[in-house]
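Source file query_31.txt; content: compact mmCIF, C-alpha atoms.
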# COMPACT_ATOMS: atom_id res chain seq x y z
CA MET A 666 -22.58 3.39 21.90
CA ALA A 667 -23.44 6.98 22.77
CA LEU A 668 -21.74 10.15 21.64
CA ALA A 669 -22.55 13.54 23.11
CA THR A 670 -20.99 16.81 24.11
CA ALA A 671 -21.38 17.15 27.84
CA GLY A 672 -23.81 19.94 28.60
CA GLU A 673 -24.84 20.38 24.97
CA THR A 674 -28.14 22.22 24.59
CA ALA A 675 -30.36 23.38 21.72
CA ARG A 676 -28.57 25.92 19.53
CA LYS A 677 -29.43 29.59 19.84
CA PRO A 678 -28.64 32.22 17.16
CA ASP A 679 -25.73 33.68 19.15
CA GLN A 680 -24.09 30.23 19.11
CA ILE A 681 -23.76 30.10 15.31
CA VAL A 682 -20.23 31.53 15.31
CA GLY A 683 -19.25 28.94 17.88
CA THR A 684 -20.78 26.23 15.73
CA LEU A 685 -18.78 27.35 12.69
CA GLU A 686 -15.60 27.43 14.74
CA ARG A 687 -16.34 23.94 15.89
CA MET A 688 -16.68 22.76 12.29
CA ARG A 689 -13.34 24.15 11.19
CA GLY A 690 -11.58 24.05 14.55
CA TYR A 691 -10.36 26.79 16.85
CA ARG A 692 -7.42 28.99 15.86
CA LEU A 693 -4.54 29.79 18.20
CA GLU A 694 -5.94 33.22 19.09
CA ASP A 695 -9.27 31.67 20.12
CA LEU A 696 -7.70 29.45 22.80
CA SER A 697 -7.16 30.29 26.46
CA ILE A 698 -5.75 28.42 29.43
CA GLY A 699 -8.43 26.44 31.25
CA GLN A 700 -10.64 26.09 28.16
CA ALA A 701 -12.01 22.54 28.13
CA ALA A 702 -14.15 20.13 26.14
CA GLU A 703 -15.58 16.68 26.82
CA LEU A 704 -17.09 13.75 24.99
CA ILE A 705 -19.02 10.94 26.65
CA ARG A 706 -19.10 7.40 25.27
CA ILE A 707 -20.48 4.15 26.60
CA VAL A 708 -18.21 1.18 25.85
CA ALA A 709 -19.99 -1.62 23.99
CA GLY A 710 -18.69 -5.14 23.42
CA ASP A 711 -19.04 -4.49 19.69
CA ASP A 712 -16.63 -1.54 20.07
CA LEU A 713 -13.94 -3.87 21.41
CA ASP A 714 -14.49 -6.26 18.50
CA ALA A 715 -14.36 -3.38 16.00
CA PHE A 716 -11.24 -1.88 17.59
CA ALA A 717 -9.53 -5.29 17.50
CA ALA A 718 -10.42 -5.71 13.84
CA VAL A 719 -9.13 -2.31 12.77
CA THR A 720 -5.89 -2.38 14.80
CA GLY A 721 -5.11 -6.12 14.93
CA ASP A 722 -5.08 -6.01 18.75
CA ASP A 723 -6.83 -9.35 19.36
CA ASN A 724 -5.60 -9.87 22.92
CA PRO A 725 -8.18 -12.26 24.47
CA LEU A 726 -8.42 -10.00 27.53
CA HIS A 727 -10.46 -7.68 25.27
CA LEU A 728 -12.27 -10.25 23.11
CA ASP A 729 -12.67 -13.58 24.91
CA GLU A 730 -15.10 -13.49 27.85
CA ALA A 731 -14.07 -16.96 29.11
CA PHE A 732 -10.36 -16.07 29.07
CA ALA A 733 -10.94 -12.64 30.64
CA ALA A 734 -13.28 -14.04 33.31
CA ALA A 735 -10.44 -16.31 34.51
CA THR A 736 -8.16 -13.30 35.13
CA ALA A 737 -8.21 -10.84 38.02
CA PHE A 738 -10.24 -8.49 35.78
CA GLY A 739 -13.18 -10.89 35.90
CA GLY A 740 -14.32 -10.11 32.36
CA ARG A 741 -13.49 -8.36 29.09
CA ILE A 742 -11.89 -4.93 29.43
CA ALA A 743 -11.50 -2.15 26.88
CA HIS A 744 -8.27 -1.69 24.94
CA GLY A 745 -6.34 1.20 26.54
CA MET A 746 -5.81 2.61 23.08
CA LEU A 747 -9.57 2.73 22.46
CA LEU A 748 -9.81 5.10 25.42
CA ALA A 749 -6.88 7.06 24.00
CA GLY A 750 -8.94 7.26 20.82
CA TYR A 751 -11.68 9.03 22.80
CA ILE A 752 -9.12 11.65 23.89
CA SER A 753 -8.02 12.00 20.27
CA ALA A 754 -11.68 12.44 19.34
CA VAL A 755 -12.13 15.40 21.70
CA LEU A 756 -8.94 17.00 20.37
CA GLY A 757 -9.78 16.38 16.71
CA ALA A 758 -13.49 17.04 16.77
CA ARG A 759 -13.98 19.62 19.56
CA LEU A 760 -10.94 21.37 21.01
CA PRO A 761 -8.88 22.53 19.17
CA GLY A 762 -10.86 20.65 16.49
CA ALA A 763 -10.29 20.22 12.77
CA GLY A 764 -6.98 21.61 11.56
CA ALA A 765 -5.05 20.93 14.77
CA ILE A 766 -2.01 18.71 14.25
CA TYR A 767 -1.22 16.05 16.86
CA ILE A 768 2.42 16.33 18.02
CA SER A 769 2.55 14.02 21.01
CA GLN A 770 0.49 12.25 23.64
CA ASN A 771 1.50 10.65 26.93
CA LEU A 772 -0.86 8.07 28.40
CA ARG A 773 -1.00 6.40 31.80
CA PHE A 774 -3.54 3.60 32.09
CA ARG A 775 -4.81 3.70 35.69
CA ARG A 776 -7.84 1.45 35.92
CA PRO A 777 -9.60 -1.13 33.71
CA VAL A 778 -12.73 -0.07 31.81
CA ARG A 779 -15.48 -2.63 31.31
CA ILE A 780 -18.28 -3.11 28.81
CA GLY A 781 -21.16 -0.79 29.75
CA ASP A 782 -18.93 1.79 31.45
CA GLU A 783 -19.67 5.43 30.58
CA VAL A 784 -16.37 7.14 29.80
CA THR A 785 -15.97 10.92 29.93
CA ALA A 786 -12.96 12.02 27.89
CA ARG A 787 -11.84 15.55 28.73
CA VAL A 788 -9.15 17.88 27.41
CA GLU A 789 -8.18 21.16 29.05
CA VAL A 790 -5.76 23.74 27.69
CA SER A 791 -2.77 23.99 30.06
CA THR A 792 -0.15 26.00 28.13
CA ILE A 793 -0.14 28.06 24.93
CA ASP A 794 3.12 28.82 23.11
CA HIS A 795 2.09 31.64 20.77
CA ASP A 796 5.53 31.88 19.11
CA ARG A 797 5.65 28.21 18.09
CA GLY A 798 1.90 27.73 17.66
CA ARG A 799 1.92 24.87 20.13
CA VAL A 800 -0.71 24.09 22.74
CA SER A 801 -0.53 21.59 25.63
CA LEU A 802 -3.65 20.03 27.08
CA ALA A 803 -4.25 17.91 30.15
CA THR A 804 -6.15 14.83 28.98
CA THR A 805 -8.21 12.40 31.06
CA CYS A 806 -10.77 9.65 30.75
CA ARG A 807 -12.97 9.08 33.79
CA VAL A 808 -15.56 6.48 34.75
CA ALA A 809 -17.90 7.40 37.62
CA GLY A 810 -15.58 10.28 38.49
CA LYS A 811 -12.45 8.13 38.76
CA ILE A 812 -9.52 8.60 36.40
CA VAL A 813 -8.99 5.57 34.18
CA VAL A 814 -6.53 7.17 31.72
CA GLU A 815 -4.55 10.38 32.13
CA GLY A 816 -1.81 12.19 30.30
CA GLU A 817 -0.84 15.25 28.29
CA ALA A 818 -1.28 16.14 24.63
CA GLN A 819 0.69 18.58 22.51
CA VAL A 820 -0.91 19.92 19.34
CA MET A 821 0.03 22.50 16.74
CA VAL A 822 -2.73 25.02 16.06
CA GLN A 823 -2.76 27.43 13.13
CA ARG A 824 -3.08 31.15 13.57
CA ARG A 825 -6.01 33.20 12.34
CA ALA A 826 -5.05 34.66 8.95
CA ALA A 827 -5.65 38.36 8.10
CA LYS A 828 -8.05 37.26 5.37
CA ASP A 829 -9.60 34.11 6.77
CA ASP A 830 -8.37 31.28 4.59
CA PRO A 831 -10.02 27.92 3.99
CA PRO A 832 -9.78 25.43 6.86
CA GLY A 833 -6.40 23.81 7.21
CA SER A 834 -4.87 25.54 4.17
CA SER A 835 -1.82 26.79 6.05
CA GLU A 836 -0.98 23.61 7.92
CA ALA A 837 2.71 22.73 8.14
CA MET B 126 -5.96 -4.41 5.34
CA ALA B 127 -3.15 -6.93 5.87
CA LEU B 128 -1.95 -8.44 9.11
CA ALA B 129 1.22 -10.48 9.32
CA THR B 130 4.16 -11.17 11.57
CA ALA B 131 7.24 -9.96 9.75
CA GLY B 132 9.40 -12.92 8.79
CA GLU B 133 6.78 -15.48 9.81
CA THR B 134 7.48 -18.86 8.23
CA ALA B 135 5.90 -22.31 8.23
CA ARG B 136 5.84 -23.80 11.75
CA LYS B 137 8.28 -26.54 12.61
CA PRO B 138 7.81 -28.98 15.53
CA ASP B 139 10.43 -27.22 17.68
CA GLN B 140 8.43 -24.00 17.40
CA ILE B 141 5.37 -25.40 19.13
CA VAL B 142 6.46 -24.15 22.57
CA GLY B 143 6.95 -20.68 21.08
CA THR B 144 3.48 -20.85 19.55
CA LEU B 145 1.92 -21.77 22.90
CA GLU B 146 3.77 -18.93 24.58
CA ARG B 147 2.46 -16.57 21.92
CA MET B 148 -1.11 -17.70 22.65
CA ARG B 149 -0.87 -17.06 26.38
CA GLY B 150 1.84 -14.40 26.28
CA TYR B 151 5.41 -14.41 27.48
CA ARG B 152 6.23 -14.47 31.19
CA LEU B 153 8.78 -12.17 32.78
CA GLU B 154 11.49 -14.86 32.85
CA ASP B 155 11.08 -15.43 29.09
CA LEU B 156 11.94 -11.83 28.17
CA SER B 157 15.38 -10.40 27.38
CA ILE B 158 16.65 -6.99 26.37
CA GLY B 159 16.65 -6.55 22.61
CA GLN B 160 13.83 -9.06 22.06
CA ALA B 161 11.50 -7.60 19.42
CA ALA B 162 8.29 -8.24 17.51
CA GLU B 163 6.59 -6.57 14.57
CA LEU B 164 3.23 -6.43 12.86
CA ILE B 165 2.65 -5.05 9.37
CA ARG B 166 -0.62 -3.42 8.32
CA ILE B 167 -1.68 -1.56 5.21
CA VAL B 168 -3.92 1.42 5.99
CA ALA B 169 -7.25 1.31 4.12
CA GLY B 170 -9.76 4.14 3.81
CA ASP B 171 -12.32 1.84 5.43
CA ASP B 172 -10.02 1.57 8.47
CA LEU B 173 -10.18 5.34 8.98
CA ASP B 174 -13.98 5.24 8.72
CA ALA B 175 -14.16 2.34 11.21
CA PHE B 176 -11.73 4.00 13.64
CA ALA B 177 -13.77 7.21 13.49
CA ALA B 178 -16.98 5.30 14.18
CA VAL B 179 -15.61 3.40 17.18
CA THR B 180 -13.80 6.36 18.81
CA GLY B 181 -15.94 9.34 17.70
CA ASP B 182 -12.88 10.99 16.12
CA ASP B 183 -14.59 12.36 13.00
CA ASN B 184 -12.01 15.04 12.20
CA PRO B 185 -12.48 15.70 8.43
CA LEU B 186 -8.71 15.44 7.93
CA HIS B 187 -9.22 11.69 8.34
CA LEU B 188 -12.63 11.27 6.70
CA ASP B 189 -13.31 13.99 4.13
CA GLU B 190 -11.13 13.74 1.01
CA ALA B 191 -12.20 17.19 -0.28
CA PHE B 192 -11.38 18.88 3.04
CA ALA B 193 -8.09 17.00 3.44
CA ALA B 194 -7.04 17.65 -0.16
CA ALA B 195 -7.27 21.41 0.53
CA THR B 196 -4.76 21.11 3.40
CA ALA B 197 -0.98 20.79 3.22
CA PHE B 198 -1.46 17.03 3.65
CA GLY B 199 -3.07 16.84 0.19
CA GLY B 200 -5.47 14.05 1.17
CA ARG B 201 -6.88 11.95 4.01
CA ILE B 202 -4.37 10.86 6.66
CA ALA B 203 -4.63 8.16 9.30
CA HIS B 204 -5.61 8.99 12.89
CA GLY B 205 -2.44 9.03 14.98
CA MET B 206 -4.22 6.89 17.54
CA LEU B 207 -4.95 4.21 14.91
CA LEU B 208 -1.17 3.86 14.50
CA ALA B 209 -0.85 3.76 18.29
CA GLY B 210 -3.38 0.94 18.13
CA TYR B 211 -0.97 -1.01 15.92
CA ILE B 212 1.70 -0.65 18.64
CA SER B 213 -0.82 -1.82 21.22
CA ALA B 214 -1.58 -4.79 18.95
CA VAL B 215 2.06 -5.92 18.90
CA LEU B 216 2.26 -5.59 22.69
CA GLY B 217 -1.05 -7.33 23.33
CA ALA B 218 -0.90 -10.04 20.68
CA ARG B 219 2.84 -10.76 20.26
CA LEU B 220 5.30 -9.37 22.82
CA PRO B 221 4.73 -9.69 25.74
CA GLY B 222 1.32 -10.88 24.48
CA ALA B 223 -1.83 -11.93 26.35
CA GLY B 224 -1.63 -11.32 30.09
CA ALA B 225 0.60 -8.25 29.90
CA ILE B 226 -0.93 -5.16 31.51
CA TYR B 227 -0.46 -1.80 29.82
CA ILE B 228 0.90 0.77 32.30
CA SER B 229 1.84 3.70 30.08
CA GLN B 230 2.65 4.75 26.54
CA ASN B 231 4.32 7.88 25.20
CA LEU B 232 3.70 8.76 21.57
CA ARG B 233 5.33 11.28 19.24
CA PHE B 234 3.63 11.67 15.88
CA ARG B 235 6.42 12.42 13.38
CA ARG B 236 4.97 12.11 9.89
CA PRO B 237 1.51 11.73 8.33
CA VAL B 238 0.42 8.27 7.16
CA ARG B 239 -1.77 8.02 4.07
CA ILE B 240 -4.24 5.48 2.74
CA GLY B 241 -2.30 2.63 1.11
CA ASP B 242 0.79 3.08 3.28
CA GLU B 243 2.30 -0.12 4.68
CA VAL B 244 2.98 0.45 8.39
CA THR B 245 5.46 -1.69 10.33
CA ALA B 246 4.77 -1.46 14.07
CA ARG B 247 7.69 -2.69 16.16
CA VAL B 248 8.31 -3.13 19.88
CA GLU B 249 11.69 -3.94 21.39
CA VAL B 250 12.41 -4.73 25.04
CA SER B 251 14.66 -1.99 26.45
CA THR B 252 14.60 -2.53 30.24
CA ILE B 253 13.35 -5.29 32.54
CA ASP B 254 12.65 -4.61 36.23
CA HIS B 255 12.48 -8.11 37.70
CA ASP B 256 11.59 -6.87 41.19
CA ARG B 257 8.55 -4.88 40.09
CA GLY B 258 7.61 -7.08 37.13
CA ARG B 259 7.79 -4.10 34.80
CA VAL B 260 9.15 -4.06 31.28
CA SER B 261 9.88 -1.04 29.05
CA LEU B 262 9.80 -1.31 25.29
CA ALA B 263 10.86 1.08 22.54
CA THR B 264 7.90 1.38 20.18
CA THR B 265 7.87 2.63 16.59
CA CYS B 266 5.72 2.70 13.50
CA ARG B 267 7.59 3.06 10.19
CA VAL B 268 6.53 3.58 6.60
CA ALA B 269 9.16 2.82 3.94
CA GLY B 270 11.81 2.78 6.67
CA LYS B 271 10.92 6.24 8.05
CA ILE B 272 9.62 6.66 11.56
CA VAL B 273 6.03 7.96 11.59
CA VAL B 274 5.29 7.34 15.29
CA GLU B 275 7.75 6.66 18.10
CA GLY B 276 7.64 6.35 21.85
CA GLU B 277 8.03 4.08 24.82
CA ALA B 278 5.68 1.59 26.46
CA GLN B 279 5.67 0.28 30.02
CA VAL B 280 3.90 -3.00 30.73
CA MET B 281 3.52 -5.27 33.73
CA VAL B 282 4.32 -8.91 32.99
CA GLN B 283 3.51 -11.79 35.31
CA ARG B 284 6.13 -14.23 36.54
CA ARG B 285 6.17 -17.90 35.67
CA ALA B 286 4.53 -19.80 38.54
CA ALA B 287 6.07 -22.94 40.08
CA LYS B 288 3.06 -24.90 38.88
CA ASP B 289 2.10 -23.20 35.63
CA ASP B 290 -1.26 -21.59 36.27
CA PRO B 291 -3.92 -20.68 33.70
CA PRO B 292 -3.17 -17.60 31.55
CA GLY B 293 -3.65 -14.29 33.33
CA SER B 294 -4.88 -15.89 36.57
CA SER B 295 -2.38 -14.06 38.79
CA GLU B 296 -2.82 -10.58 37.30
CA ALA B 297 -2.85 -7.71 39.75
If you took the structure in this file and wrote it as structure tokens, what would it be?
Amino acid sequence: MALATAGETARKPDQIVGTLERMRGYRLEDLSIGQAAELIRIVAGDDLDAFAAVTGDDNPLHLDEAFAAATAFGGRIAHGMLLAGYISAVLGARLPGAGAIYISQNLRFRRPVRIGDEVTARVEVSTIDHDRGRVSLATTCRVAGKIVVEGEAQVMVQRRAAKDDPPGSSEA
Amino acid sequence: MALATAGETARKPDQIVGTLERMRGYRLEDLSIGQAAELIRIVAGDDLDAFAAVTGDDNPLHLDEAFAAATAFGGRIAHGMLLAGYISAVLGARLPGAGAIYISQNLRFRRPVRIGDEVTARVEVSTIDHDRGRVSLATTCRVAGKIVVEGEAQVMVQRRAAKDDPPGSSEA
């Protein structure tokens, strides 16, 4: 199970502000259309077991190799909602990051994901409603360049206060 | 962390067919509009930690009590996608159950869910497309009767074969 920011490099002094913003999340004024973030994860069999335990989703297609091998999938596949969780992770941990409030998410499950697959979850800002503080993002998970999950997220992002207040203190 | 089928009672002999269908999932011909299933889970702090570990969603709103207490939420709240996982669990484990293929899911996150909340995830068949083998279900999570997550799922469900074949063997 690997977790990394795509293209992450050693931190330089001029990246400290960016690092702090990442810790507390971006504010509405910091966002622009086309801004994007990614996380990469490799799906492990243990992840499917853990996801089943925490959600109750014990469908044998995800857990039982003998059952899954007898289907057209030919083996265990990841829960679609685990992949959706990767999208949620990029939104909650990277862009917009901590403090953003999840309003909605549409998901279309395009292709099965197998144990060992490297999944790149990506979010990209598509619209910004400055009046309502709402941001839409195009969201995808890809394996070897092919889309496995796609959809759109809507999040509420707080504005930068005149005197910068503690993270999340003005959330609705 | 509790897992139960709402209204589940001791099994009687005439329920054995229903139990077998639950194990391998319902076929298209077994479904009817209005048919519904529920699962009930109580959100534990450990569940948020486990969901964060398996997805990478380490937003402090879900994990850090001090951070979350300083927000308008007043404490840690569940990942929205954990609740979506409960919906996925009802679809994958109860109705339609094993063999159903997840096509899409829309989610609207209405209210925060806190540690200790009892969440009832419910799916109810809303449309059946017999030609395409597609079924739509209204999906909700409720806490104390109030909707916390709502949306719609689309799944593909296999038809009953003339000679009943092994579970999932004819999946596309």
Which residues of chain B come within 8 Å of chain A, and what is each one's closest atom pair and distance in Å (one decimal), counting only C-alpha atoms, sorted by chain and residue number, as a Markdown table?
| residue | atom | partner | partner_atom | distance |
| --- | --- | --- | --- | --- |
| B:Leu128 | CA | A:Gly721 | CA | 7.0 |
| B:Asp172 | CA | A:Val719 | CA | 5.9 |
| B:Ala175 | CA | A:Val719 | CA | 7.0 |
| B:Phe176 | CA | A:Val719 | CA | 6.9 |
| B:Val179 | CA | A:Asp712 | CA | 5.8 |
| B:Thr180 | CA | A:Tyr751 | CA | 5.2 |
| B:Gly181 | CA | A:Ala754 | CA | 5.5 |
| B:Asp182 | CA | A:Ala754 | CA | 3.7 |
| B:Asp183 | CA | A:Ala758 | CA | 6.1 |
| B:Asn184 | CA | A:Ala758 | CA | 5.2 |
| B:Pro185 | CA | A:Ala763 | CA | 6.6 |
| B:Leu186 | CA | A:Ala763 | CA | 7.0 |
| B:Phe192 | CA | A:Pro832 | CA | 7.7 |
| B:Ala193 | CA | A:Gly833 | CA | 8.0 |
| B:Ala195 | CA | A:Ser834 | CA | 6.0 |
| B:Thr196 | CA | A:Ser834 | CA | 4.5 |
| B:Ala197 | CA | A:Glu836 | CA | 5.5 |
| B:Phe198 | CA | A:Glu836 | CA | 7.9 |
| B:Gly205 | CA | A:Tyr767 | CA | 7.4 |
| B:Met206 | CA | A:Gly750 | CA | 5.8 |
| B:Leu207 | CA | A:Thr720 | CA | 6.7 |
| B:Leu208 | CA | A:Thr720 | CA | 7.8 |
| B:Ala209 | CA | A:Met746 | CA | 7.0 |
| B:Gly210 | CA | A:Thr720 | CA | 5.3 |
| B:Tyr211 | CA | A:Thr720 | CA | 5.2 |
| B:Ser213 | CA | A:Asp722 | CA | 6.5 |
| B:Ala214 | CA | A:Asp722 | CA | 3.7 |
| B:Val215 | CA | A:Asp722 | CA | 7.1 |
| B:Gly217 | CA | A:Asn724 | CA | 5.2 |
| B:Ala218 | CA | A:Asn724 | CA | 5.2 |
| B:Gly222 | CA | A:Asn724 | CA | 7.2 |
| B:Ala223 | CA | A:Asn724 | CA | 5.5 |
| B:Gly224 | CA | A:Leu726 | CA | 7.4 |
| B:Tyr227 | CA | A:Phe774 | CA | 6.6 |
| B:Ile228 | CA | A:Phe774 | CA | 5.3 |
| B:Ser229 | CA | A:Arg773 | CA | 4.3 |
| B:Gln230 | CA | A:Leu772 | CA | 5.2 |
| B:Asn231 | CA | A:Asn771 | CA | 4.3 |
| B:Leu232 | CA | A:Gln770 | CA | 5.2 |
| B:Arg233 | CA | A:Ser769 | CA | 4.3 |
| B:Phe234 | CA | A:Ile768 | CA | 5.3 |
| B:Arg235 | CA | A:Ile768 | CA | 7.3 |
| B:Pro291 | CA | A:Ala735 | CA | 7.9 |
| B:Pro292 | CA | A:Thr736 | CA | 7.5 |
| B:Gly293 | CA | A:Thr736 | CA | 5.0 |
| B:Ser294 | CA | A:Thr736 | CA | 4.4 |
| B:Ser295 | CA | A:Ala737 | CA | 6.7 |
| B:Glu296 | CA | A:Ala737 | CA | 5.4 |
| B:Ala297 | CA | A:Ala737 | CA | 6.4 |
Exercise. For atom CA of A:Tyr691 and atom CA of A:Ala803, determine how far apart the two atoms are, in Å to one decimal place.
Key: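 It comes out at 17.1 Å.
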Exercise. Go through B:Leu188, B:Ala162, B:Ile167, B:Ala269 one by one, measure the shortest atom-to-atom distance of each to B:Val248 using all atoms listed in the file, and give the residue with the smallest value.
Key: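 Of B:Leu188, B:Ala162, B:Ile167, B:Ala269, the one nearest B:Val248, counting all atoms listed in the file, is B:Ala162.
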Quiz prompt | Using all atoms listed in the file: which of A:Val808, A:Arg797, A:Glu789, A:Val778 has the shortest distance to A:Ile698 | solution =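 Of A:Val808, A:Arg797, A:Glu789, A:Val778, the one nearest A:Ile698, counting all atoms listed in the file, is A:Glu789.
Taking atom CA of A:Glu730 as the reference point, atom CA of A:Ala786 is found at 25.6 Å.
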Quiz item: In Å to one decimal, how far is atom CA of A:Arg799 from atom CA of A:Met821?
Solution: 4.5 Å
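Among the candidates B:Leu262, B:Gln160, B:Leu220, B:Gly241, the residue lying nearest to B:Gly200 is B:Gly241 (atoms considered: all atoms listed in the file).
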